[in-house]
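Asks: Handing over input-v2.tsv, TSV, C-alpha atoms and all ligand atoms.
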chain	number	residue	atom	x	y	z
G	1	MET	CA	115.68	-33.41	181.21
G	2	ASN	CA	114.94	-35.09	184.51
G	3	ALA	CA	116.85	-34.12	187.63
G	4	SER	CA	119.06	-36.71	189.36
G	5	LEU	CA	117.37	-38.50	192.26
G	6	PRO	CA	119.09	-36.43	195.01
G	7	GLN	CA	118.17	-33.21	193.15
G	8	ALA	CA	114.62	-34.38	192.54
G	9	LEU	CA	114.29	-35.36	196.17
G	10	ASP	CA	115.47	-31.94	197.31
G	11	GLN	CA	112.87	-30.36	195.03
G	12	ALA	CA	110.20	-32.75	196.29
G	13	LEU	CA	110.94	-31.98	199.94
G	14	ALA	CA	110.93	-28.24	199.18
G	15	ALA	CA	107.50	-28.77	197.58
G	16	ALA	CA	106.28	-30.86	200.53
G	17	VAL	CA	106.88	-28.05	203.01
G	18	ARG	CA	104.79	-25.67	200.85
G	19	ALA	CA	101.69	-27.60	201.97
G	20	PRO	CA	99.12	-25.61	203.95
G	21	SER	CA	98.72	-26.29	207.68
G	22	PRO	CA	96.53	-24.76	210.38
G	23	GLN	CA	98.20	-21.57	211.67
G	24	ASN	CA	101.15	-22.53	209.45
G	25	THR	CA	102.32	-24.92	212.18
G	26	GLN	CA	103.99	-27.27	209.63
G	27	PRO	CA	103.41	-30.39	211.77
G	28	TRP	CA	105.69	-32.70	209.76
G	29	GLN	CA	109.06	-34.41	209.84
G	30	PHE	CA	110.63	-36.35	206.97
G	31	VAL	CA	113.13	-39.19	207.17
G	32	VAL	CA	115.04	-40.16	204.03
G	33	ASP	CA	116.30	-43.72	204.06
G	34	GLY	CA	117.68	-44.45	200.60
G	35	PRO	CA	114.70	-44.84	198.23
G	36	ARG	CA	112.22	-44.55	201.08
G	37	ILE	CA	110.83	-41.34	202.57
G	38	GLU	CA	108.93	-41.45	205.83
G	39	VAL	CA	106.45	-38.73	206.71
G	40	TRP	CA	105.94	-38.32	210.45
G	41	LEU	CA	103.44	-36.26	212.37
G	42	ASP	CA	105.29	-33.77	214.59
G	43	ARG	CA	103.25	-33.90	217.83
G	44	GLU	CA	105.03	-30.81	219.19
G	45	ARG	CA	103.35	-28.77	216.44
G	46	VAL	CA	99.79	-30.00	216.83
G	47	LEU	CA	97.38	-27.27	218.01
G	48	ALA	CA	96.37	-28.59	221.44
G	49	VAL	CA	93.21	-26.47	221.70
G	50	ALA	CA	91.96	-26.16	218.11
G	51	ASP	CA	93.08	-29.62	216.97
G	52	PRO	CA	93.48	-31.90	220.02
G	53	ILE	CA	93.12	-35.12	218.03
G	54	ALA	CA	95.60	-33.90	215.36
G	55	ARG	CA	93.02	-34.26	212.59
G	56	GLU	CA	94.00	-31.02	210.85
G	57	ALA	CA	97.68	-31.88	211.33
G	58	ARG	CA	97.16	-35.20	209.53
G	59	LEU	CA	95.36	-33.38	206.68
G	60	SER	CA	98.38	-31.08	206.40
G	61	CYS	CA	100.81	-34.01	206.28
G	62	GLY	CA	98.64	-35.61	203.58
G	63	ALA	CA	98.93	-32.39	201.57
G	64	ALA	CA	102.72	-32.52	202.01
G	65	VAL	CA	102.75	-36.14	200.77
G	66	TYR	CA	100.79	-35.08	197.69
G	67	ASN	CA	103.24	-32.27	196.85
G	68	LEU	CA	106.20	-34.58	197.39
G	69	VAL	CA	104.98	-37.40	195.15
G	70	LEU	CA	103.77	-34.96	192.46
G	71	THR	CA	107.18	-33.29	192.34
G	72	LEU	CA	108.97	-36.63	192.09
G	73	ARG	CA	106.63	-37.56	189.22
G	74	VAL	CA	107.32	-34.42	187.21
G	75	ASN	CA	110.98	-35.35	187.56
G	76	GLY	CA	110.24	-38.75	186.00
G	77	ILE	CA	110.26	-40.68	189.29
G	78	ARG	CA	107.49	-43.12	190.16
G	79	ALA	CA	106.72	-43.45	193.85
G	80	ARG	CA	104.24	-45.53	195.83
G	81	VAL	CA	102.51	-44.15	198.91
G	82	ARG	CA	101.54	-46.35	201.84
G	83	VAL	CA	99.38	-44.53	204.37
G	84	LEU	CA	99.74	-45.58	208.04
G	85	PRO	CA	101.97	-48.54	207.13
G	86	ASP	CA	102.80	-49.56	210.72
G	87	PRO	CA	100.03	-50.03	213.32
G	88	ALA	CA	102.67	-49.82	216.06
G	89	GLU	CA	103.73	-46.32	214.90
G	90	ARG	CA	100.56	-44.23	214.64
G	91	ASP	CA	102.52	-41.05	213.91
G	92	LEU	CA	104.29	-42.56	210.91
G	93	LEU	CA	101.63	-41.24	208.56
G	94	ALA	CA	103.03	-42.35	205.25
G	95	VAL	CA	105.94	-44.09	203.59
G	96	ILE	CA	106.82	-43.08	200.06
G	97	SER	CA	108.86	-45.65	198.15
G	98	ILE	CA	110.67	-44.76	194.98
G	99	GLU	CA	109.96	-47.57	192.55
G	100	GLY	CA	111.30	-46.56	189.16
G	101	ASN	CA	110.72	-44.22	186.27
G	102	THR	CA	107.55	-42.71	184.92
G	103	ARG	CA	106.30	-40.02	182.57
G	104	SER	CA	104.40	-37.09	183.97
G	105	SER	CA	101.27	-35.73	182.32
G	106	THR	CA	100.60	-32.13	181.31
G	107	MET	CA	98.21	-31.98	184.25
G	108	ASP	CA	100.98	-33.11	186.67
G	109	ARG	CA	103.23	-30.33	185.40
G	110	ARG	CA	100.45	-27.73	185.72
G	111	LEU	CA	99.77	-28.80	189.30
G	112	ALA	CA	103.46	-28.98	190.24
G	113	GLU	CA	103.92	-25.45	188.97
G	114	ALA	CA	101.03	-24.33	191.20
G	115	VAL	CA	102.69	-25.72	194.37
G	116	HIS	CA	104.82	-22.60	194.82
G	117	ARG	CA	101.99	-20.16	193.97
G	118	ARG	CA	99.14	-21.65	196.04
G	119	GLN	CA	98.23	-19.50	199.00
G	120	THR	CA	95.42	-18.99	201.47
G	121	ASN	CA	93.54	-15.86	200.46
G	122	ARG	CA	91.67	-14.17	203.31
G	123	ARG	CA	90.65	-11.14	201.27
G	124	PRO	CA	87.23	-10.48	199.74
G	125	MET	CA	86.70	-12.29	196.45
G	126	PHE	CA	85.49	-10.55	193.28
G	127	ASP	CA	81.85	-10.60	192.32
G	128	ARG	CA	82.53	-13.19	189.61
G	129	PRO	CA	80.98	-16.66	189.60
G	130	VAL	CA	83.07	-19.82	189.55
G	131	PRO	CA	82.19	-21.28	186.14
G	132	VAL	CA	80.75	-24.74	185.65
G	133	SER	CA	83.92	-25.86	183.83
G	134	ALA	CA	86.16	-24.87	186.77
G	135	ARG	CA	83.83	-26.60	189.22
G	136	ALA	CA	83.98	-29.74	187.11
G	137	GLN	CA	87.80	-29.64	187.16
G	138	LEU	CA	87.86	-29.27	190.93
G	139	ARG	CA	85.43	-32.17	191.36
G	140	SER	CA	87.53	-34.32	189.02
G	141	ALA	CA	90.64	-33.44	191.02
G	142	ALA	CA	89.02	-34.84	194.18
G	143	LEU	CA	87.72	-37.93	192.35
G	144	ALA	CA	91.17	-38.64	190.88
G	145	GLU	CA	92.52	-39.00	194.43
G	146	GLY	CA	89.62	-41.18	195.56
G	147	GLY	CA	87.61	-38.44	197.28
G	148	GLN	CA	84.75	-36.12	196.62
G	149	LEU	CA	84.33	-32.35	196.42
G	150	GLU	CA	80.79	-31.19	197.13
G	151	PHE	CA	79.80	-27.62	196.22
G	152	LEU	CA	77.28	-26.43	198.75
G	153	ASP	CA	75.43	-23.71	196.85
G	154	GLY	CA	72.09	-24.83	195.54
G	155	SER	CA	71.69	-27.34	198.36
G	156	GLY	CA	70.07	-27.07	201.78
G	157	ARG	CA	73.51	-27.72	203.25
G	158	TYR	CA	74.70	-24.21	202.42
G	159	ALA	CA	72.56	-22.44	205.02
G	160	GLN	CA	73.23	-25.16	207.61
G	161	VAL	CA	76.99	-24.96	207.15
G	162	ALA	CA	77.03	-21.15	207.08
G	163	ALA	CA	75.10	-21.08	210.36
G	164	LEU	CA	77.58	-23.53	211.91
G	165	VAL	CA	80.53	-21.42	210.75
G	166	ARG	CA	78.99	-18.32	212.34
G	167	ARG	CA	78.20	-20.17	215.55
G	168	ALA	CA	81.69	-21.67	215.79
G	169	GLU	CA	83.30	-18.31	215.06
G	170	THR	CA	81.30	-16.70	217.87
G	171	ALA	CA	82.28	-19.53	220.24
G	172	GLN	CA	85.97	-19.34	219.36
G	173	SER	CA	86.15	-15.56	219.48
G	174	THR	CA	85.16	-15.68	223.15
G	175	ASP	CA	87.15	-18.79	224.09
G	176	GLU	CA	90.21	-17.64	226.05
G	177	GLU	CA	92.16	-20.85	225.47
G	178	TYR	CA	91.53	-20.79	221.74
G	179	LEU	CA	92.39	-17.08	221.53
G	180	ALA	CA	95.65	-17.57	223.44
G	181	GLU	CA	96.69	-20.42	221.15
G	182	ALA	CA	95.73	-18.48	218.01
G	183	ALA	CA	97.63	-15.42	219.27
G	184	SER	CA	100.75	-17.52	219.84
G	185	TRP	CA	100.82	-18.52	216.14
G	186	THR	CA	99.57	-15.38	214.40
G	187	GLY	CA	100.46	-11.74	213.86
G	188	ARG	CA	104.07	-12.53	213.02
G	189	ALA	CA	106.56	-10.66	210.85
G	190	ALA	CA	106.34	-11.26	207.08
G	191	ASP	CA	109.48	-13.42	207.01
G	192	SER	CA	108.59	-15.58	210.02
G	193	PRO	CA	109.40	-19.20	209.05
G	194	ASP	CA	106.20	-20.45	210.67
G	195	GLY	CA	102.93	-19.07	212.04
G	196	VAL	CA	100.66	-16.68	210.14
G	197	PRO	CA	102.15	-13.24	209.40
G	198	ILE	CA	100.01	-10.10	209.56
G	199	VAL	CA	100.57	-9.59	205.81
G	200	ALA	CA	98.56	-12.77	205.19
G	201	PHE	CA	95.59	-11.52	207.26
G	202	GLY	CA	92.47	-10.22	205.53
G	203	PRO	CA	90.71	-6.93	206.22
G	204	PRO	CA	87.87	-6.93	208.74
G	205	ALA	CA	84.50	-7.56	207.09
G	206	GLU	CA	82.27	-4.55	206.55
G	207	GLY	CA	78.85	-5.68	207.66
G	208	PRO	CA	77.79	-9.19	208.62
G	209	GLY	CA	78.17	-11.77	205.85
G	210	THR	CA	76.44	-15.13	205.52
G	211	VAL	CA	79.76	-16.75	206.46
G	212	SER	CA	82.33	-15.42	208.96
G	213	LEU	CA	86.02	-15.81	208.22
G	214	ARG	CA	88.24	-16.15	211.29
G	215	SER	CA	88.36	-12.87	213.18
G	216	SER	CA	91.77	-13.95	214.55
G	217	HIS	CA	93.10	-13.69	210.96
G	218	GLN	CA	91.87	-10.16	210.30
G	219	ASN	CA	94.02	-7.08	210.50
G	220	PRO	CA	92.13	-4.49	212.58
G	221	SER	CA	94.45	-1.70	211.47
G	222	ILE	CA	93.21	-1.81	207.87
G	223	ALA	CA	89.84	-0.45	206.75
G	224	PRO	CA	86.92	-2.88	206.76
G	225	ARG	CA	85.89	-4.12	203.31
G	226	PRO	CA	82.70	-5.73	202.05
G	227	PHE	CA	83.11	-9.48	201.52
G	228	GLU	CA	81.06	-11.55	199.08
G	229	GLN	CA	77.61	-12.04	200.58
G	230	ASP	CA	77.33	-15.73	199.72
G	231	PRO	CA	80.82	-17.11	199.06
G	232	VAL	CA	81.20	-20.31	197.04
G	233	LEU	CA	81.80	-23.11	199.56
G	234	ALA	CA	82.91	-26.66	198.90
G	235	ALA	CA	83.54	-29.62	201.20
G	236	VAL	CA	86.24	-32.28	200.81
G	237	LEU	CA	84.83	-35.72	201.65
G	238	THR	CA	85.94	-39.33	201.78
G	239	ARG	CA	83.77	-42.44	201.93
G	240	ASP	CA	85.73	-43.96	204.81
G	241	ARG	CA	86.63	-42.54	208.21
G	242	GLY	CA	89.57	-42.65	210.57
G	243	THR	CA	93.15	-41.51	210.65
G	244	ALA	CA	94.18	-43.07	207.32
G	245	ALA	CA	91.20	-41.34	205.67
G	246	GLU	CA	92.43	-38.05	207.13
G	247	VAL	CA	95.86	-38.41	205.54
G	248	ARG	CA	94.22	-39.32	202.21
G	249	ALA	CA	91.81	-36.39	202.59
G	250	GLY	CA	94.85	-34.13	202.87
G	251	MET	CA	96.10	-35.46	199.55
G	252	ILE	CA	92.66	-34.92	197.98
G	253	MET	CA	92.42	-31.42	199.46
G	254	GLN	CA	95.84	-30.52	198.10
G	255	ARG	CA	95.02	-31.69	194.60
G	256	VAL	CA	91.84	-29.59	194.72
G	257	LEU	CA	93.78	-26.54	195.97
G	258	LEU	CA	96.47	-26.89	193.30
G	259	THR	CA	93.84	-27.35	190.60
G	260	ALA	CA	92.12	-24.18	191.82
G	261	THR	CA	95.44	-22.30	191.72
G	262	ALA	CA	96.17	-23.57	188.21
G	263	GLU	CA	92.69	-22.38	187.17
G	264	GLY	CA	93.39	-18.88	188.54
G	265	LEU	CA	91.06	-19.36	191.51
G	266	ALA	CA	91.73	-18.15	195.05
G	267	THR	CA	90.96	-20.35	198.04
G	268	SER	CA	90.72	-20.15	201.80
G	269	PHE	CA	89.59	-22.43	204.62
G	270	LEU	CA	86.73	-22.30	207.08
G	271	SER	CA	87.73	-24.66	209.87
G	272	GLN	CA	85.96	-23.10	212.84
G	273	PRO	CA	83.02	-25.57	212.87
G	274	PHE	CA	85.42	-28.55	212.91
G	275	GLU	CA	87.26	-27.10	215.88
G	276	ALA	CA	84.53	-25.74	218.15
G	277	ARG	CA	83.03	-28.38	220.45
G	278	GLU	CA	79.57	-26.81	219.96
G	279	THR	CA	79.47	-27.44	216.21
G	280	ARG	CA	81.66	-30.38	215.23
G	281	THR	CA	79.05	-33.14	215.63
G	282	HIS	CA	76.43	-31.06	213.82
G	283	LEU	CA	78.80	-30.49	210.93
G	284	LEU	CA	79.50	-34.23	210.58
G	285	GLU	CA	75.73	-34.85	210.62
G	286	VAL	CA	75.12	-32.38	207.79
G	287	PHE	CA	77.34	-34.50	205.54
G	288	HIS	CA	76.87	-37.99	206.94
G	289	ARG	CA	74.91	-39.26	203.91
G	290	LEU	CA	77.82	-38.33	201.64
G	291	GLY	CA	80.68	-39.61	203.79
G	292	ASP	CA	83.18	-38.06	206.19
G	293	VAL	CA	83.73	-34.33	205.79
G	294	HIS	CA	87.33	-33.16	206.28
G	295	THR	CA	87.59	-29.54	205.29
G	296	LEU	CA	85.53	-26.61	204.03
G	297	LEU	CA	86.95	-24.38	201.34
G	298	ARG	CA	85.90	-20.94	200.13
G	299	ILE	CA	86.61	-20.59	196.42
G	300	GLY	CA	86.48	-17.60	194.08
G	301	TYR	CA	88.51	-15.06	192.18
G	302	GLY	CA	90.59	-12.50	194.03
G	303	LEU	CA	93.79	-10.51	194.13
G	304	PRO	CA	96.80	-12.52	195.27
G	305	THR	CA	98.24	-11.82	198.71
G	306	ARG	CA	101.80	-12.20	200.05
G	307	MET	CA	103.10	-15.76	200.25
G	308	THR	CA	103.59	-17.17	203.75
G	309	ALA	CA	107.10	-18.49	204.50
G	310	ARG	CA	108.13	-21.98	205.63
G	311	ARG	CA	110.94	-23.55	207.60
G	312	PRO	CA	113.51	-24.87	205.12
G	313	ALA	CA	113.04	-28.53	204.19
G	314	ALA	CA	116.49	-29.36	205.61
G	315	GLU	CA	115.30	-28.29	209.03
G	316	VAL	CA	112.53	-30.89	209.03
G	317	THR	CA	114.39	-33.71	207.27
G	318	THR	CA	116.65	-36.36	208.73
G	319	VAL	CA	118.76	-38.27	206.25
G	320	ARG	CA	119.41	-41.81	207.50
G	321	THR	CA	120.81	-43.03	204.17
G	322	PRO	CA	121.17	-40.59	201.27
G	323	ALA	CA	119.09	-41.35	198.16
G	324	ARG	CA	121.24	-42.25	195.11
G	401	LIG	C1	93.49	-28.27	207.78
G	401	LIG	C2	93.69	-26.78	207.61
G	401	LIG	C3	92.80	-25.90	208.20
G	401	LIG	C4	92.94	-24.53	208.03
G	401	LIG	N1	92.01	-23.69	208.55
G	401	LIG	C5	92.08	-22.35	208.33
G	401	LIG	C6	91.06	-21.46	208.78
G	401	LIG	O1	90.07	-21.88	209.36
G	401	LIG	N2	91.18	-20.14	208.50
G	401	LIG	C7	92.24	-19.65	207.79
G	401	LIG	O2	92.29	-18.46	207.56
G	401	LIG	N3	93.23	-20.47	207.35
G	401	LIG	C8	93.17	-21.80	207.59
G	401	LIG	N4	94.13	-22.64	207.11
G	401	LIG	C9	95.21	-22.08	206.27
G	401	LIG	C10	96.53	-21.93	207.00
G	401	LIG	O3	96.47	-20.91	207.95
G	401	LIG	C11	97.61	-21.70	205.94
G	401	LIG	O4	97.74	-22.85	205.17
G	401	LIG	C12	98.97	-21.36	206.53
G	401	LIG	O5	98.93	-20.15	207.23
G	401	LIG	C13	100.03	-21.27	205.43
G	401	LIG	O6	99.67	-20.27	204.50
G	401	LIG	P1	99.45	-20.61	202.96
G	401	LIG	O7	98.32	-21.58	202.86
G	401	LIG	O8	99.09	-19.26	202.36
G	401	LIG	O9	100.70	-21.16	202.41
G	401	LIG	C14	94.02	-24.02	207.27
G	401	LIG	C15	94.93	-24.92	206.69
G	401	LIG	C16	94.76	-26.29	206.85
G	401	LIG	C17	95.70	-27.25	206.18
As structure tokens, please, write out the structure in this file.
Replies:
Amino acid sequence: MNASLPQALDQALAAAVRAPSPQNTQPWQFVVDGPRIEVWLDRERVLAVADPIAREARLSCGAAVYNLVLTLRVNGIRARVRVLPDPAERDLLAVISIEGNTRSSTMDRRLAEAVHRRQTNRRPMFDRPVPVSARAQLRSAALAEGGQLEFLDGSGRYAQVAALVRRAETAQSTDEEYLAEAASWTGRAADSPDGVPIVAFGPPAEGPGTVSLRSSHQNPSIAPRPFEQDPVLAAVLTRDRGTAAEVRAGMIMQRVLLTATAEGLATSFLSQPFEARETRTHLLEVFHRLGDVHTLLRIGYGLPTRMTARRPAAEVTTVRTPAR
């Protein structure tokens, strides 16, 4: 049986805040105005050094929008999303309007169930290939949201991207401003409602890999472990560019991440080359024939880690008019 609208909306907002965000900053605010839900960028939570133009924050809000609408749908509620509906309010990233009833698909229910299990996995992945069928599902997930997921192995882009990740990681690991910002959001207690707790860190890598995960998310007090030599990497792309494309890319990214979770795959992000000044333009150039690249994901099989907490939805929601 479907939940009532207020119940469904509570569930949807609880799902929205499970979206990933850089350093678990949760840069979102929601306003409920009857059958309309506004999703606002929270400027106070944008990473000034790593993400000065709020690109990653907009991706995160897009992911929250995806979780919200998906959860309404599995409760039988049809909602329309308008991205950047008001040119005068650039931080109003999306308006979700409840329009009536719908039926959810088996796929919707599988993805909605994955919302509360998806996590960023910074541990080594198993030596087990990602099968062709799973890759096809992940690609279809991106296509279904109007985007593209490009697997990099087997293309010349792999080595180029891996080199940019290593270069950006080296730049960031000696950048005092970046390190201070990262330190202010990481290394927190397991139940911290925001930021990245130490329990979500990975072990340090034993030996140099082709790709470097963020050293600021490694726990130096645990023994180094060998990571996969050539991790499976995939890029989320859109045809168009700009801030609206970034919000949509967040929705695409989230559908890919939830599909991966539903398929039993682990995922993590490699955002260093987007953030470091030295590498960002090069990264965009590597993909420019395909479109605009928004995020790089590492995908494989691995042991689950501890879930990272969130601020409760009520803390980030203002109710102007209750939904009935
Ligand atoms: C746009 C974006 C970029 C991210 N970049 C990185 C990254 O480079 N390295 C990393 O370890 N995690 C990265 N993350 C993951 C966040 O740290 C993670 O989502 C957050 O800590 C919440 O944890 P959870 O994903 O396990 O729920 C990124 C997340 C988003 C949305």
Asks: Near G:Val316, counting all atoms listed in the file, which residues have an atom at most 9 Å away, once you skip same-chain residues fewer than 2 positions from it, shown as a PyMOL selection string?
Replies: chain G and resi 17+28-31+311-314+318
Asks: Excluding same-chain residues fewer than 2 positions from G:Ala189, what lies within 12 Å of it counting only C-alpha atoms, as a PDB file with C-alpha atoms, in the coordinates of the input?
Replies:
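This went into around.pdb:
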ATOM      1  CA  TRP G 185     100.820 -18.520 216.140  1.00  0.00           C
ATOM      2  CA  THR G 186      99.570 -15.380 214.400  1.00  0.00           C
ATOM      3  CA  GLY G 187     100.460 -11.740 213.860  1.00  0.00           C
ATOM      4  CA  ASP G 191     109.480 -13.420 207.010  1.00  0.00           C
ATOM      5  CA  SER G 192     108.590 -15.580 210.020  1.00  0.00           C
ATOM      6  CA  PRO G 193     109.400 -19.200 209.050  1.00  0.00           C
ATOM      7  CA  ASP G 194     106.200 -20.450 210.670  1.00  0.00           C
ATOM      8  CA  GLY G 195     102.930 -19.070 212.040  1.00  0.00           C
ATOM      9  CA  VAL G 196     100.660 -16.680 210.140  1.00  0.00           C
ATOM     10  CA  PRO G 197     102.150 -13.240 209.400  1.00  0.00           C
ATOM     11  CA  ILE G 198     100.010 -10.100 209.560  1.00  0.00           C
ATOM     12  CA  VAL G 199     100.570  -9.590 205.810  1.00  0.00           C
ATOM     13  CA  ALA G 200      98.560 -12.770 205.190  1.00  0.00           C
ATOM     14  CA  PHE G 201      95.590 -11.520 207.260  1.00  0.00           C
ATOM     15  CA  ARG G 306     101.800 -12.200 200.050  1.00  0.00           C
ATOM     16  CA  THR G 308     103.590 -17.170 203.750  1.00  0.00           C
ATOM     17  CA  ALA G 309     107.100 -18.490 204.500  1.00  0.00           C
TER      18      ALA G 309
END
Asks: Every residue with an atom at most 12 Å from (110.2, -30.7, 201.0) (file coordinates; all atoms listed in the file) is what I'm after, so could you write them as JSON, numbers by chain?
Replies: {"G": [7, 8, 9, 10, 11, 12, 13, 14, 15, 16, 17, 18, 19, 26, 28, 29, 30, 31, 32, 37, 38, 39, 61, 63, 64, 65, 66, 67, 68, 69, 70, 71, 72, 115, 116, 310, 311, 312, 313, 314, 315, 316, 317, 318]}
Asks: Taking all listed atoms of ligand LIG 401 (chain G), build the axis-aligned box, pad each of the six sides by 6 Å, then write its centre and edge lengths in Å to one decimal as lines of an AutoDock Vina configuration file.
Replies:
center_x = 95.4
center_y = -23.4
center_z = 205.9
size_x = 22.6
size_y = 21.8
size_z = 19.0
Asks: Give the residue list for ligand LIG 401 (chain G) at 9 Å, counting only C-alpha atoms and all ligand atoms, as a ChimeraX atom specification, sorted by chain and then by residue number.
Replies: /G:18-26,55-61,63,116-122,186,194-197,200-202,213-218,250,253-254,267-275,294-297,305-310
Asks: What separation in Å, quoted to one decimal, exists between atom CA of G:Glu145 and atom CA of G:Arg78?
Replies: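 Straight-line distance from atom CA of G:Glu145 to atom CA of G:Arg78 works out to 16.1 Å.
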Asks: How close does stretch 196-237 of chain G get to stretch 162-181 of chain G? List, as JSON lines, each residue of stretch 196-237 of chain G within 7 Å, its nearest atom pair and the distance in Å to one decimal, counting only C-alpha atoms.
Replies:
{"residue": "G:Thr210", "atom": "CA", "partner": "G:Ala162", "partner_atom": "CA", "distance": 6.2}
{"residue": "G:Val211", "atom": "CA", "partner": "G:Ala162", "partner_atom": "CA", "distance": 5.2}
{"residue": "G:Ser212", "atom": "CA", "partner": "G:Arg166", "partner_atom": "CA", "distance": 5.6}
{"residue": "G:Arg214", "atom": "CA", "partner": "G:Glu169", "partner_atom": "CA", "distance": 6.6}
Asks: What is the distance, in Å and to one decimal place, between atom CA of G:Leu84 and atom CA of G:Ala245?
Replies: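 Distance between the two atoms: 9.8 Å.
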Asks: Which residues are near G:Thr106? Cut-off 12 Å, only C-alpha atoms, ignore same chain within fewer than 5 positions. Put them as a list in words.
Replies: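 In the requested form, the answer reads Leu70, Arg73, Val74, Leu111, Ala112, Glu113 and Ala262 of chain G.
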Asks: Could you list, as number ranges by chain, every residue within 8 Å of G:Val81, counting all atoms listed in the file and ignoring same-chain residues fewer than 3 positions away?
Replies: G: 94-97
Asks: Once you have the residues from the selection above, write them out as a PDB file, keeping the file's coordinate frame, restricted to C-alpha atoms.
Replies:
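Generated output (part25.pdb):
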ATOM      1  CA  ALA G  94     103.030 -42.350 205.250  1.00  0.00           C
ATOM      2  CA  VAL G  95     105.940 -44.090 203.590  1.00  0.00           C
ATOM      3  CA  ILE G  96     106.820 -43.080 200.060  1.00  0.00           C
ATOM      4  CA  SER G  97     108.860 -45.650 198.150  1.00  0.00           C
TER       5      SER G  97
END
Asks: Quick one: pull the distance between atom CA of G:Asn219 and atom CA of G:Ala260, Å, one decimal.
Replies: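 Separation of atom CA of G:Asn219 and atom CA of G:Ala260: 25.4 Å.
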Asks: Determine the nearest neighbour of G:Ala142 from the options G:Ala54, G:Arg45, G:Arg248, G:Arg128, counting all atoms listed in the file.
Replies: G:Arg248
Asks: Could you give me stretch 199-212 of chain G completed to N, CA and C atoms, formatted as an mmCIF file, in the frame of the given file?
Replies:
data_model
loop_
_atom_site.group_PDB
_atom_site.id
_atom_site.type_symbol
_atom_site.label_atom_id
_atom_site.label_comp_id
_atom_site.auth_asym_id
_atom_site.auth_seq_id
_atom_site.Cartn_x
_atom_site.Cartn_y
_atom_site.Cartn_z
ATOM 1 N N VAL G 199 100.785 -9.871 207.243
ATOM 2 C CA VAL G 199 100.570 -9.590 205.810
ATOM 3 C C VAL G 199 99.641 -10.608 205.153
ATOM 4 N N ALA G 200 99.462 -11.754 205.778
ATOM 5 C CA ALA G 200 98.560 -12.770 205.190
ATOM 6 C C ALA G 200 97.135 -12.640 205.747
ATOM 7 N N PHE G 201 96.940 -11.726 206.703
ATOM 8 C CA PHE G 201 95.590 -11.520 207.260
ATOM 9 C C PHE G 201 94.715 -10.841 206.206
ATOM 10 N N GLY G 202 93.402 -10.962 206.382
ATOM 11 C CA GLY G 202 92.470 -10.220 205.530
ATOM 12 C C GLY G 202 92.013 -8.964 206.254
ATOM 13 N N PRO G 203 91.288 -8.092 205.539
ATOM 14 C CA PRO G 203 90.710 -6.930 206.220
ATOM 15 C C PRO G 203 89.508 -7.380 207.050
ATOM 16 N N PRO G 204 89.113 -6.596 208.049
ATOM 17 C CA PRO G 204 87.870 -6.930 208.740
ATOM 18 C C PRO G 204 86.697 -6.803 207.765
ATOM 19 N N ALA G 205 85.658 -7.601 208.002
ATOM 20 C CA ALA G 205 84.500 -7.560 207.090
ATOM 21 C C ALA G 205 83.631 -6.351 207.418
ATOM 22 N N GLU G 206 83.182 -5.679 206.346
ATOM 23 C CA GLU G 206 82.270 -4.550 206.550
ATOM 24 C C GLU G 206 80.846 -5.120 206.511
ATOM 25 N N GLY G 207 80.207 -5.128 207.613
ATOM 26 C CA GLY G 207 78.850 -5.680 207.660
ATOM 27 C C GLY G 207 78.870 -7.186 207.831
ATOM 28 N N PRO G 208 77.807 -7.742 208.399
ATOM 29 C CA PRO G 208 77.790 -9.190 208.620
ATOM 30 C C PRO G 208 77.572 -9.926 207.304
ATOM 31 N N GLY G 209 78.359 -10.959 207.056
ATOM 32 C CA GLY G 209 78.170 -11.770 205.850
ATOM 33 C C GLY G 209 77.420 -13.040 206.230
ATOM 34 N N THR G 210 77.092 -13.843 205.226
ATOM 35 C CA THR G 210 76.440 -15.130 205.520
ATOM 36 C C THR G 210 77.415 -16.042 206.245
ATOM 37 N N VAL G 211 78.715 -15.885 205.906
ATOM 38 C CA VAL G 211 79.760 -16.750 206.460
ATOM 39 C C VAL G 211 80.804 -15.859 207.114
ATOM 40 N N SER G 212 81.296 -16.247 208.308
ATOM 41 C CA SER G 212 82.330 -15.420 208.960
ATOM 42 C C SER G 212 83.687 -16.072 208.782
#
